[in-house]
file data37.txt (compact mmCIF, C-alpha atoms and all ligand atoms)
# COMPACT_ATOMS: atom_id res chain seq x y z
CA MET H 1 -8.19 58.55 -16.40
CA MET H 2 -8.30 62.27 -17.00
CA ASN H 3 -8.37 64.20 -20.21
CA ILE H 4 -4.82 65.51 -20.50
CA ASN H 5 -5.88 68.32 -22.85
CA LYS H 6 -7.96 69.77 -20.09
CA LEU H 7 -5.05 70.34 -17.72
CA GLN H 8 -3.75 73.85 -17.26
CA ASN H 9 -1.13 74.09 -20.01
CA LEU H 10 2.34 75.60 -20.08
CA LEU H 11 1.27 78.86 -21.72
CA GLN H 12 -1.42 79.38 -19.11
CA LYS H 13 1.08 78.73 -16.30
CA ARG H 14 3.61 81.09 -17.92
CA GLY H 15 0.85 83.69 -18.18
CA GLU H 16 0.13 83.39 -14.46
CA ILE H 17 3.80 83.88 -13.64
CA ALA H 18 4.42 86.79 -16.02
CA PHE H 19 1.24 88.64 -15.04
CA ARG H 20 1.69 88.17 -11.28
CA ARG H 21 5.23 89.52 -11.48
CA LEU H 22 4.01 92.80 -12.99
CA ILE H 23 0.75 93.16 -11.08
CA SER H 24 2.53 92.57 -7.76
CA GLN H 25 4.76 95.58 -8.50
CA GLN H 26 1.63 97.61 -9.24
CA HIS H 27 -0.15 96.40 -6.09
CA ARG H 28 2.86 97.45 -4.03
CA GLY H 29 2.94 100.87 -5.67
CA ILE H 30 6.39 100.30 -7.17
CA ARG H 31 5.29 100.78 -10.77
CA ILE H 32 2.04 101.12 -12.71
CA HIS H 33 1.93 98.56 -15.52
CA PHE H 34 -1.81 98.46 -16.20
CA THR H 35 -3.94 101.59 -16.04
CA ARG H 36 -7.12 99.49 -16.05
CA GLU H 37 -6.11 97.33 -13.11
CA LEU H 38 -6.22 98.20 -9.42
CA THR H 39 -3.66 100.63 -7.97
CA ARG H 40 -1.91 100.14 -4.65
CA SER H 41 -4.60 101.91 -2.61
CA GLU H 42 -7.48 100.26 -4.50
CA MET H 43 -5.89 96.86 -4.01
CA HIS H 44 -5.41 97.63 -0.33
CA GLN H 45 -9.16 98.22 0.00
CA GLU H 46 -9.88 95.03 -1.92
CA LEU H 47 -7.52 92.97 0.22
CA LYS H 48 -9.02 94.44 3.38
CA LYS H 49 -12.43 93.29 2.23
CA ARG H 50 -11.13 89.82 1.37
CA LEU H 51 -9.47 89.53 4.78
CA GLU H 52 -12.69 90.45 6.57
CA ASN H 53 -14.57 87.81 4.58
CA SER H 54 -11.96 85.16 5.32
CA ARG H 55 -11.88 86.04 9.00
CA ARG H 56 -15.63 85.46 9.11
CA ASP H 57 -15.31 82.22 7.15
CA PHE H 58 -12.56 80.78 9.37
CA SER H 59 -14.39 81.75 12.58
CA ARG H 60 -17.57 80.14 11.32
CA LEU H 61 -15.72 76.97 10.31
CA GLN H 62 -14.04 76.74 13.72
CA ASN H 63 -17.41 77.19 15.40
CA GLN H 64 -18.71 74.33 13.27
CA GLY H 65 -15.96 72.14 14.71
CA VAL H 66 -13.70 72.15 11.66
CA LEU H 67 -10.07 71.60 12.70
CA ILE H 68 -8.10 74.13 10.63
CA SER H 69 -4.56 72.92 11.31
CA PRO H 70 -2.38 71.89 9.62
CA TYR H 71 -3.79 73.76 6.65
CA LEU H 72 -2.89 74.22 2.98
CA GLU H 73 -3.97 77.23 0.92
CA ILE H 74 -3.96 76.67 -2.86
CA GLY H 75 -3.51 79.66 -5.17
CA ALA H 76 -2.47 81.79 -2.21
CA GLU H 77 -1.06 84.74 -4.24
CA TYR H 78 0.06 87.21 -1.51
CA GLY H 79 -0.74 84.66 1.18
CA LEU H 80 -2.78 87.13 3.20
CA ARG H 81 -5.43 84.62 4.23
CA SER H 82 -2.68 82.23 5.32
CA SER H 83 -0.99 85.05 7.25
CA LEU H 84 -4.36 85.80 8.87
CA ILE H 85 -4.91 82.18 9.87
CA GLU H 86 -1.33 82.00 11.24
CA SER H 87 -1.49 85.27 13.15
CA LYS H 88 -5.05 85.38 14.45
CA PHE H 89 -6.05 81.73 14.62
CA LYS H 90 -2.61 80.51 15.76
CA VAL H 91 -2.44 77.57 13.42
CA ARG H 92 0.36 76.42 11.11
CA GLY H 93 0.38 75.48 7.49
CA ILE H 94 1.42 76.25 3.94
CA ALA H 95 0.59 78.86 1.31
CA LEU H 96 1.06 77.43 -2.16
CA ASP H 97 1.12 79.22 -5.52
CA ILE H 98 2.73 78.67 -8.90
CA ALA H 99 3.89 82.31 -9.08
CA GLN H 100 7.03 82.81 -7.05
CA SER H 101 6.83 86.59 -7.42
CA SER H 102 3.47 86.66 -5.61
CA LEU H 103 4.82 84.56 -2.75
CA GLU H 104 7.79 86.92 -2.48
CA GLN H 105 5.37 89.68 -1.46
CA VAL H 106 3.80 87.75 1.44
CA ARG H 107 5.81 89.45 4.20
CA TRP H 108 5.22 92.91 2.74
CA PHE H 109 1.44 92.48 2.50
CA ALA H 110 1.25 90.84 5.94
CA ASN H 111 2.99 93.93 7.34
CA GLN H 112 0.45 96.21 5.66
CA PHE H 113 -2.30 94.51 7.66
CA LYS H 114 -0.23 94.10 10.84
CA LEU H 115 -0.23 90.32 10.64
CA ASN H 116 2.90 89.21 12.46
CA ARG H 117 3.17 85.60 11.27
CA ILE H 118 3.45 84.43 7.72
CA PRO H 119 3.00 80.90 6.38
CA LEU H 120 5.55 78.51 5.02
CA ARG H 121 5.58 79.35 1.30
CA VAL H 122 5.74 76.71 -1.40
CA CYS H 123 5.96 77.41 -5.13
CA SER H 124 4.34 74.43 -6.80
CA ASP H 125 1.73 73.23 -9.27
CA ALA H 126 -1.72 72.32 -7.98
CA HIS H 127 -1.84 69.46 -10.50
CA SER H 128 0.89 67.63 -8.59
CA LEU H 129 0.94 68.66 -4.96
CA PRO H 130 4.32 67.81 -3.37
CA PHE H 131 2.90 66.17 -0.25
CA PRO H 132 2.19 62.59 0.82
CA ASP H 133 -1.39 61.30 0.95
CA ASP H 134 -3.43 62.37 4.01
CA SER H 135 -1.24 65.37 4.94
CA PHE H 136 -3.61 68.21 5.83
CA ALA H 137 -6.62 68.57 8.12
CA PHE H 138 -7.84 71.62 6.23
CA ILE H 139 -7.35 72.78 2.64
CA PHE H 140 -8.83 75.97 1.29
CA CYS H 141 -8.81 78.24 -1.74
CA TYR H 142 -10.51 81.42 -2.90
CA GLN H 143 -10.92 82.46 -6.54
CA THR H 144 -8.59 79.71 -7.67
CA LEU H 145 -10.35 76.70 -9.18
CA HIS H 146 -11.66 78.66 -12.16
CA HIS H 147 -8.07 79.17 -13.36
CA PHE H 148 -8.00 75.52 -14.42
CA PRO H 149 -9.68 74.45 -17.66
CA ASN H 150 -10.84 71.41 -15.74
CA PRO H 151 -10.75 71.83 -11.97
CA LEU H 152 -11.61 68.18 -11.33
CA PRO H 153 -8.02 66.78 -11.47
CA VAL H 154 -6.89 69.55 -9.11
CA VAL H 155 -9.67 68.73 -6.67
CA GLN H 156 -8.70 65.04 -6.90
CA GLU H 157 -5.18 66.05 -5.84
CA ILE H 158 -6.65 68.05 -2.97
CA PHE H 159 -8.67 65.00 -1.95
CA ARG H 160 -5.50 62.88 -1.97
CA VAL H 161 -3.50 65.12 0.37
CA LEU H 162 -6.45 65.77 2.68
CA LYS H 163 -6.53 63.67 5.86
CA PRO H 164 -9.42 61.27 6.40
CA ASN H 165 -12.23 63.31 7.98
CA GLY H 166 -10.42 66.51 6.92
CA TYR H 167 -12.20 69.43 5.25
CA PHE H 168 -11.83 71.23 1.92
CA PHE H 169 -13.33 74.72 1.76
CA PHE H 170 -13.53 76.80 -1.41
CA ALA H 171 -15.20 80.17 -1.99
CA GLU H 172 -15.70 83.00 -4.48
CA GLU H 173 -15.73 80.68 -7.48
CA PRO H 174 -17.91 81.38 -10.52
CA ILE H 175 -20.82 79.43 -11.94
CA SER H 176 -21.33 79.75 -15.71
CA GLN H 177 -23.73 82.37 -16.91
CA LYS H 178 -25.59 81.21 -20.03
CA PHE H 179 -27.06 84.55 -21.07
CA ASN H 180 -23.83 86.28 -21.98
CA LEU H 181 -23.05 87.32 -25.53
CA ASN H 182 -19.35 87.18 -24.64
CA LEU H 183 -18.48 89.85 -27.20
CA PHE H 184 -15.26 90.88 -25.45
CA ARG H 185 -13.25 90.70 -22.26
CA ARG H 186 -13.23 93.74 -20.03
CA PRO H 187 -10.48 94.83 -17.61
CA THR H 188 -11.05 95.21 -13.86
CA LYS H 189 -11.68 98.95 -14.12
CA THR H 190 -14.05 100.23 -16.76
CA THR H 191 -13.88 103.64 -18.41
CA GLY H 192 -15.91 105.72 -20.85
CA LEU H 193 -18.61 103.82 -22.69
CA LEU H 194 -17.93 100.66 -20.71
CA LYS H 195 -18.52 102.54 -17.48
CA PHE H 196 -21.83 103.77 -18.86
CA LEU H 197 -22.81 100.22 -19.82
CA LYS H 198 -21.93 99.07 -16.34
CA ILE H 199 -24.19 101.64 -14.75
CA PHE H 200 -26.83 100.79 -17.26
CA PRO H 201 -26.15 97.43 -16.36
CA LEU H 202 -25.57 95.82 -19.69
CA LEU H 203 -21.93 94.95 -19.34
CA PRO H 204 -22.36 91.70 -17.44
CA PHE H 205 -24.51 90.37 -20.27
CA ILE H 206 -22.27 91.16 -23.21
CA SER H 207 -18.76 90.73 -21.84
CA LYS H 208 -16.68 88.80 -19.39
CA ILE H 209 -14.13 90.14 -16.94
CA GLY H 210 -10.40 89.29 -17.00
CA LYS H 211 -9.08 91.11 -20.06
CA THR H 212 -5.61 91.81 -18.68
CA GLU H 213 -5.24 88.27 -17.38
CA THR H 214 -6.37 86.60 -20.60
CA ASP H 215 -4.08 88.89 -22.63
CA PHE H 216 -1.26 87.20 -20.73
CA GLY H 217 -2.59 83.76 -21.61
CA ILE H 218 -4.10 83.11 -18.19
CA PHE H 219 -7.11 80.83 -18.23
CA GLU H 220 -10.23 82.51 -16.81
CA GLY H 221 -13.09 80.05 -16.84
CA THR H 222 -16.55 79.79 -15.52
CA ILE H 223 -17.62 76.40 -14.32
CA SER H 224 -20.99 74.81 -14.93
CA LEU H 225 -23.16 73.48 -12.14
CA LYS H 226 -22.64 70.04 -13.63
CA VAL H 227 -18.90 70.21 -12.96
CA TRP H 228 -19.44 71.69 -9.50
CA ARG H 229 -21.69 68.73 -8.81
CA GLN H 230 -18.92 66.32 -9.86
CA ILE H 231 -16.46 68.14 -7.62
CA THR H 232 -18.66 68.14 -4.55
CA GLN H 233 -19.60 64.49 -5.06
CA LEU H 234 -15.97 63.43 -4.54
CA PHE H 235 -16.55 64.35 -0.91
CA ASN H 236 -19.21 64.32 1.71
CA PRO H 237 -20.71 67.78 1.16
CA VAL H 238 -21.33 69.55 4.46
CA ALA H 239 -22.54 72.91 3.13
CA ILE H 240 -22.85 74.32 -0.38
CA GLN H 241 -23.96 77.88 -0.98
CA ILE H 242 -25.00 79.29 -4.32
CA GLU H 243 -24.97 83.02 -4.90
CA VAL H 244 -26.79 84.71 -7.75
CA PHE H 245 -24.70 87.79 -8.42
CA PRO H 246 -27.11 90.69 -8.11
CA PHE H 247 -28.88 89.18 -5.09
CA GLY H 248 -26.23 87.71 -2.82
CA TYR H 249 -26.46 84.29 -1.24
CA LEU H 250 -29.89 83.02 -2.06
CA THR H 251 -29.83 79.37 -1.45
CA SER H 252 -28.03 76.57 0.28
CA THR H 253 -28.05 73.19 -1.28
CA LEU H 254 -26.54 69.77 -0.88
CA THR H 255 -28.29 68.10 -3.75
CA PHE H 256 -28.09 70.34 -6.85
CA LYS H 257 -31.54 69.03 -7.65
CA GLU H 258 -33.08 70.62 -10.67
CA TRP H 259 -34.23 74.01 -9.58
CA SER H 260 -36.70 75.98 -11.56
CA TRP H 261 -36.53 79.71 -10.98
CA GLN H 262 -33.12 79.58 -9.29
CA GLN H 263 -31.64 77.91 -12.35
CA ILE H 264 -33.14 80.53 -14.65
CA ILE H 265 -31.77 83.52 -12.76
CA LEU H 266 -28.42 81.76 -12.36
CA ASP H 267 -28.28 81.29 -16.14
CA MET H 268 -29.18 84.94 -16.63
CA PHE H 269 -26.99 86.68 -14.10
CA GLY H 270 -24.28 84.16 -13.37
CA GLY H 271 -23.32 83.38 -9.85
CA GLY H 272 -20.84 82.19 -7.33
CA ILE H 273 -20.40 79.11 -5.25
CA GLN H 274 -18.73 78.22 -1.99
CA ALA H 275 -18.62 74.86 -0.29
CA LEU H 276 -17.41 73.00 2.75
CA LEU H 277 -16.63 69.39 1.87
CA GLN H 278 -15.41 66.57 4.05
CA LYS H 279 -13.23 63.63 3.04
CA GLU H 280 -15.30 60.83 4.43
CA ALA H 281 -13.46 58.14 6.34
CA ASP H 282 -14.56 54.67 7.42
CA THR H 283 -13.10 55.00 10.87
CA ASN H 284 -12.57 57.67 13.44
CA GLU H 285 -8.89 57.71 12.65
CA GLY H 286 -7.77 61.06 11.47
CA LYS H 287 -8.36 62.61 14.85
CA PHE H 288 -5.02 64.10 14.08
CA LYS H 289 -2.33 65.44 16.30
CA LYS H 290 -2.33 69.19 16.38
CA ASN H 291 1.39 69.78 15.89
CA HIS H 292 1.76 67.60 12.90
CA THR H 293 4.94 68.05 10.86
CA ILE H 294 4.29 68.36 7.16
CA LYS H 295 6.39 66.12 4.94
CA PHE H 296 7.24 66.94 1.33
CA THR H 297 7.47 64.62 -1.64
CA CYS H 298 9.62 64.77 -4.76
CA PRO H 299 7.42 66.25 -7.54
CA ASP H 300 8.84 63.68 -9.97
CA CYS H 301 9.38 60.53 -7.88
CA HIS H 302 6.55 61.10 -5.37
CA ILE H 303 8.62 59.73 -2.49
CA VAL H 304 9.07 61.58 0.79
CA LEU H 305 12.05 63.94 0.74
CA THR H 306 14.74 63.49 3.34
CA PRO H 307 15.46 66.62 5.36
CA LYS H 308 19.25 66.86 5.42
CA ILE H 309 20.80 70.31 5.18
CA GLN H 310 18.30 70.83 2.40
CA LEU H 311 15.44 68.61 1.28
CA GLN H 312 16.72 65.83 -0.93
CA CYS H 313 15.15 63.07 -3.02
CA ASN H 314 16.84 59.72 -2.39
CA LYS H 315 15.71 58.41 -5.76
CA CYS H 316 16.56 61.10 -8.35
CA GLY H 317 19.04 62.94 -6.13
CA ARG H 318 17.47 66.36 -6.67
CA VAL H 319 17.98 68.86 -3.89
CA PHE H 320 15.27 71.39 -3.07
CA GLY H 321 16.38 74.63 -1.47
CA LYS H 322 14.64 77.85 -0.58
CA THR H 323 14.92 80.95 -2.76
CA HIS H 324 13.92 84.19 -1.00
CA GLY H 325 12.40 82.01 1.72
CA ILE H 326 10.27 80.08 -0.76
CA LEU H 327 10.51 76.34 -1.23
CA LYS H 328 10.16 75.51 -4.91
CA LEU H 329 8.82 72.01 -5.58
CA LEU H 330 8.06 71.66 -9.28
CA PRO H 331 8.62 68.65 -11.54
CA LEU H 332 12.00 69.12 -13.22
CA ASP H 333 10.63 69.72 -16.74
CA LEU H 334 8.11 72.25 -15.44
CA HIS H 335 10.73 73.93 -13.28
CA THR H 336 12.96 74.33 -16.35
CA SER H 337 10.13 75.60 -18.57
CA LEU H 338 8.80 78.11 -16.06
CA TYR H 339 11.82 79.24 -14.12
CA ALA H 340 14.86 78.43 -16.29
CA LYS H 341 16.39 81.88 -15.75
CA SER H 342 16.10 81.88 -11.97
CA THR H 343 16.98 79.02 -9.63
ZN ZN Z 401 12.98 62.50 -7.10

call {"tool": "encode", "arguments": {"input": "data37.txt", "output": "structure tokens"}}
result
Amino acid sequence: MMNINKLQNLLQKRGEIAFRRLISQQHRGIRIHFTRELTRSEMHQELKKRLENSRRDFSRLQNQGVLISPYLEIGAEYGLRSSLIESKFKVRGIALDIAQSSLEQVRWFANQFKLNRIPLRVCSDAHSLPFPDDSFAFIFCYQTLHHFPNPLPVVQEIFRVLKPNGYFFFAEEPISQKFNLNLFRRPTKTTGLLKFLKIFPLLPFISKIGKTETDFGIFEGTISLKVWRQITQLFNPVAIQIEVFPFGYLTSTLTFKEWSWQQIILDMFGGGIQALLQKEADTNEGKFKKNHTIKFTCPDCHIVLTPKIQLQCNKCGRVFGKTHGILKLLPLDLHTSLYAKST
């Protein structure tokens, strides 16, 4: 059904894990690994900004009548948005990421922003979410889908675990920019000549961001409007916003009809997209109970795990325990390839 070559491959996953382990030390101020990436205080400012944006997003969604519990955050990294939703919106859910080292920092970063509740943390692969069908009322991600060479299979997984009538919200994702010479990748912070080119502003037309990440093998993609259209068409689109980078949010759309001038400036400057999508259901079922208990499935056998002392699969016999408070639910071969040295 899907093109297997387009899935996020092992090297890209290993890159995510290796890079996040180092950058998390830098973001906590333990050790500087990359002089061209954000320091502890710069990252603090960045995270503060992200939290403010998410707080606005979640409030707006609630005002629109979107039930945000139980929720699942994909690509949660330090889980701050999940900690925000737990602490300030009083709802329960799961922060999921493939990098265990990022999830290990969730409590520390939550403390920095005085968020008293942290989410349940699950280390897993977005290509095979370890949950039964129809598990979550609300699934969200920020700056995550573009880390997959083809985000469509991931979004199909999201659709599967979303409850009927539930909502998927994504934001801060890139739309391809056609007018980019793509001569080189630049790091987060620019110096010297690059800084000059940024002021000038030539840099966004000759280079792409994400040098440090791609050096580690991480996939940093931009996604065409065509693919975004395919993604949104899996659902009932409630709101789609397109941002052209120098101008901010310019237009809302549900149709992706052929624009004229919008398309031209999008091609020139690149842009961002955010969307609220609903999993359409035939009936009114899915008016879910608020205190719904999330069940987990075996990443290999896809059957519901039995909660004994630890979670156990009755088919393959694997037992899933928590390490540093994090539940790791990866297919056995992936678990071995990515985390052979740890548990
Ligand atoms: Zn199993």

call {"tool": "closest_residue", "arguments": {"input": "data37.txt", "among": "H:Val227, H:Val91, H:Ile98, H:Cys316", "to": "Leu10 (chain H)", "atoms": "all atoms listed in the file"}}
result
H:Ile98

call {"tool": "closest_atom_pairs", "arguments": {"input": "data37.txt", "of": "chain H", "to": "ligand ZN 401 (chain Z)", "cutoff": "6 Å", "atoms": "all atoms listed in the file", "output": "tab-separated table"}}
result
residue	atom	partner	partner_atom	distance
H:Cys298	CA	Z:ZN401	ZN	4.7
H:Asp300	CA	Z:ZN401	ZN	5.2
H:Cys301	CA	Z:ZN401	ZN	4.2
H:Cys313	CA	Z:ZN401	ZN	4.7
H:Lys315	CA	Z:ZN401	ZN	5.1
H:Cys316	CA	Z:ZN401	ZN	4.0
H:Arg318	CA	Z:ZN401	ZN	5.9

call {"tool": "closest_residue", "arguments": {"input": "data37.txt", "among": "H:Thr212, H:Gln274, H:Ser54, H:Ser82", "to": "Leu22 (chain H)", "atoms": "all atoms listed in the file"}}
result
H:Thr212

call {"tool": "atom_distance", "arguments": {"input": "data37.txt", "atom1": "CA of Gly93 (chain H)", "atom2": "CA of Ile294 (chain H)"}}
result
8.1 Å

call {"tool": "residues_near_point", "arguments": {"input": "data37.txt", "point": "(6.4, 74.7, -10.5)", "cutoff": "12 Å", "atoms": "all atoms listed in the file", "output": "ChimeraX atom specification"}}
result
/H:10,13-14,16-17,96-100,122-130,298-300,326-340,343

call {"tool": "residues_around", "arguments": {"input": "data37.txt", "residues": "Val161 (chain H)", "least_positions_apart": "6", "cutoff": "8 Å", "atoms": "all atoms listed in the file", "output": "ChimeraX atom specification"}}
result
/H:129,131-136

call {"tool": "atom_distance", "arguments": {"input": "data37.txt", "atom1": "CA of Asn111 (chain H)", "atom2": "CA of Gly29 (chain H)"}}
result
14.7 Å

call {"tool": "atom_distance", "arguments": {"input": "data37.txt", "atom1": "CA of Lys6 (chain H)", "atom2": "CA of Pro174 (chain H)"}}
result
18.0 Å

call {"tool": "closest_residue", "arguments": {"input": "data37.txt", "among": "H:Thr222, H:Arg20, H:Val66, H:Ser83", "to": "Gln143 (chain H)", "atoms": "all atoms listed in the file"}}
result
H:Thr222

call {"tool": "closest_residue", "arguments": {"input": "data37.txt", "among": "H:Leu38, H:Ile68, H:Leu311, H:Ile175", "to": "Ile139 (chain H)", "atoms": "all atoms listed in the file"}}
result
H:Ile68

call {"tool": "closest_atom_pairs", "arguments": {"input": "data37.txt", "of": "region 112-181 of chain H", "to": "region 39-48 of chain H", "cutoff": "12 Å", "atoms": "all atoms listed in the file", "output": "CSV"}}
result
residue,atom,partner,partner_atom,distance
H:Gln112,CA,H:His44,CA,8.5
H:Phe113,CA,H:Lys48,CA,8.0
H:Lys114,CA,H:Lys48,CA,11.5

call {"tool": "axis_aligned_box", "arguments": {"input": "data37.txt", "around": "region 136-141 of chain H", "padding_each_side": "8 Å", "output": "JSON"}}
result
{"center_x": -6.2, "center_y": 73.2, "center_z": 3.2, "size_x": 21.2, "size_y": 26.0, "size_z": 25.9}

call {"tool": "closest_residue", "arguments": {"input": "data37.txt", "among": "H:Glu280, H:Glu172, H:Glu37, H:Glu220", "to": "Ile240 (chain H)", "atoms": "all atoms listed in the file"}}
result
H:Glu172

call {"tool": "closest_residue", "arguments": {"input": "data37.txt", "among": "H:Gln8, H:Phe34, H:Val106, H:Phe159", "to": "Phe219 (chain H)", "atoms": "only C-alpha atoms"}}
result
H:Gln8

call {"tool": "residues_around", "arguments": {"input": "data37.txt", "residues": "Leu234 (chain H)", "least_positions_apart": "4", "cutoff": "10 Å", "atoms": "only C-alpha atoms", "output": "ChimeraX atom specification"}}
result
/H:152,155-156,159,229-230,277-280

call {"tool": "decode", "arguments": {"input": "data37.txt", "residues": "region 71-88 of chain H", "atoms": "N, CA and C atoms", "output": "mmCIF file, in the first residue's frame"}}
result
data_model
loop_
_atom_site.group_PDB
_atom_site.id
_atom_site.type_symbol
_atom_site.label_atom_id
_atom_site.label_comp_id
_atom_site.auth_asym_id
_atom_site.auth_seq_id
_atom_site.Cartn_x
_atom_site.Cartn_y
_atom_site.Cartn_z
ATOM 1 N N TYR H 71 -5.368 12.874 25.262
ATOM 2 C CA TYR H 71 -4.597 13.384 24.123
ATOM 3 C C TYR H 71 -3.335 12.555 23.896
ATOM 4 N N LEU H 72 -2.761 12.701 22.704
ATOM 5 C CA LEU H 72 -1.464 12.109 22.371
ATOM 6 C C LEU H 72 -0.646 13.160 21.646
ATOM 7 N N GLU H 73 0.566 13.444 22.148
ATOM 8 C CA GLU H 73 1.472 14.339 21.424
ATOM 9 C C GLU H 73 2.547 13.500 20.744
ATOM 10 N N ILE H 74 2.696 13.693 19.436
ATOM 11 C CA ILE H 74 3.701 12.948 18.660
ATOM 12 C C ILE H 74 4.937 13.835 18.481
ATOM 13 N N GLY H 75 6.114 13.260 18.627
ATOM 14 C CA GLY H 75 7.347 14.053 18.495
ATOM 15 C C GLY H 75 7.446 15.082 19.606
ATOM 16 N N ALA H 76 7.219 14.632 20.838
ATOM 17 C CA ALA H 76 7.042 15.561 21.965
ATOM 18 C C ALA H 76 8.355 16.199 22.425
ATOM 19 N N GLU H 77 9.487 15.610 22.116
ATOM 20 C CA GLU H 77 10.805 16.047 22.588
ATOM 21 C C GLU H 77 10.800 16.238 24.111
ATOM 22 N N TYR H 78 10.863 17.468 24.621
ATOM 23 C CA TYR H 78 10.901 17.680 26.075
ATOM 24 C C TYR H 78 9.507 17.674 26.706
ATOM 25 N N GLY H 79 8.508 17.392 25.903
ATOM 26 C CA GLY H 79 7.152 17.214 26.435
ATOM 27 C C GLY H 79 6.551 18.444 27.086
ATOM 28 N N LEU H 80 7.076 19.628 26.756
ATOM 29 C CA LEU H 80 6.595 20.829 27.445
ATOM 30 C C LEU H 80 5.134 21.138 27.132
ATOM 31 N N ARG H 81 4.745 20.922 25.876
ATOM 32 C CA ARG H 81 3.351 21.218 25.528
ATOM 33 C C ARG H 81 2.417 20.245 26.235
ATOM 34 N N SER H 82 2.881 18.984 26.358
ATOM 35 C CA SER H 82 2.085 18.000 27.103
ATOM 36 C C SER H 82 2.031 18.371 28.586
ATOM 37 N N SER H 83 3.144 18.837 29.133
ATOM 38 C CA SER H 83 3.147 19.265 30.536
ATOM 39 C C SER H 83 2.220 20.470 30.721
ATOM 40 N N LEU H 84 2.199 21.346 29.733
ATOM 41 C CA LEU H 84 1.301 22.506 29.784
ATOM 42 C C LEU H 84 -0.159 22.065 29.799
ATOM 43 N N ILE H 85 -0.498 21.148 28.894
ATOM 44 C CA ILE H 85 -1.879 20.707 28.757
ATOM 45 C C ILE H 85 -2.313 19.949 30.028
ATOM 46 N N GLU H 86 -1.353 19.211 30.641
ATOM 47 C CA GLU H 86 -1.648 18.484 31.883
ATOM 48 C C GLU H 86 -1.850 19.452 33.048
ATOM 49 N N SER H 87 -0.960 20.454 33.123
ATOM 50 C CA SER H 87 -0.938 21.320 34.305
ATOM 51 C C SER H 87 -1.987 22.419 34.239
ATOM 52 N N LYS H 88 -2.155 23.012 33.072
ATOM 53 C CA LYS H 88 -3.043 24.182 32.976
ATOM 54 C C LYS H 88 -4.420 23.860 32.430
#
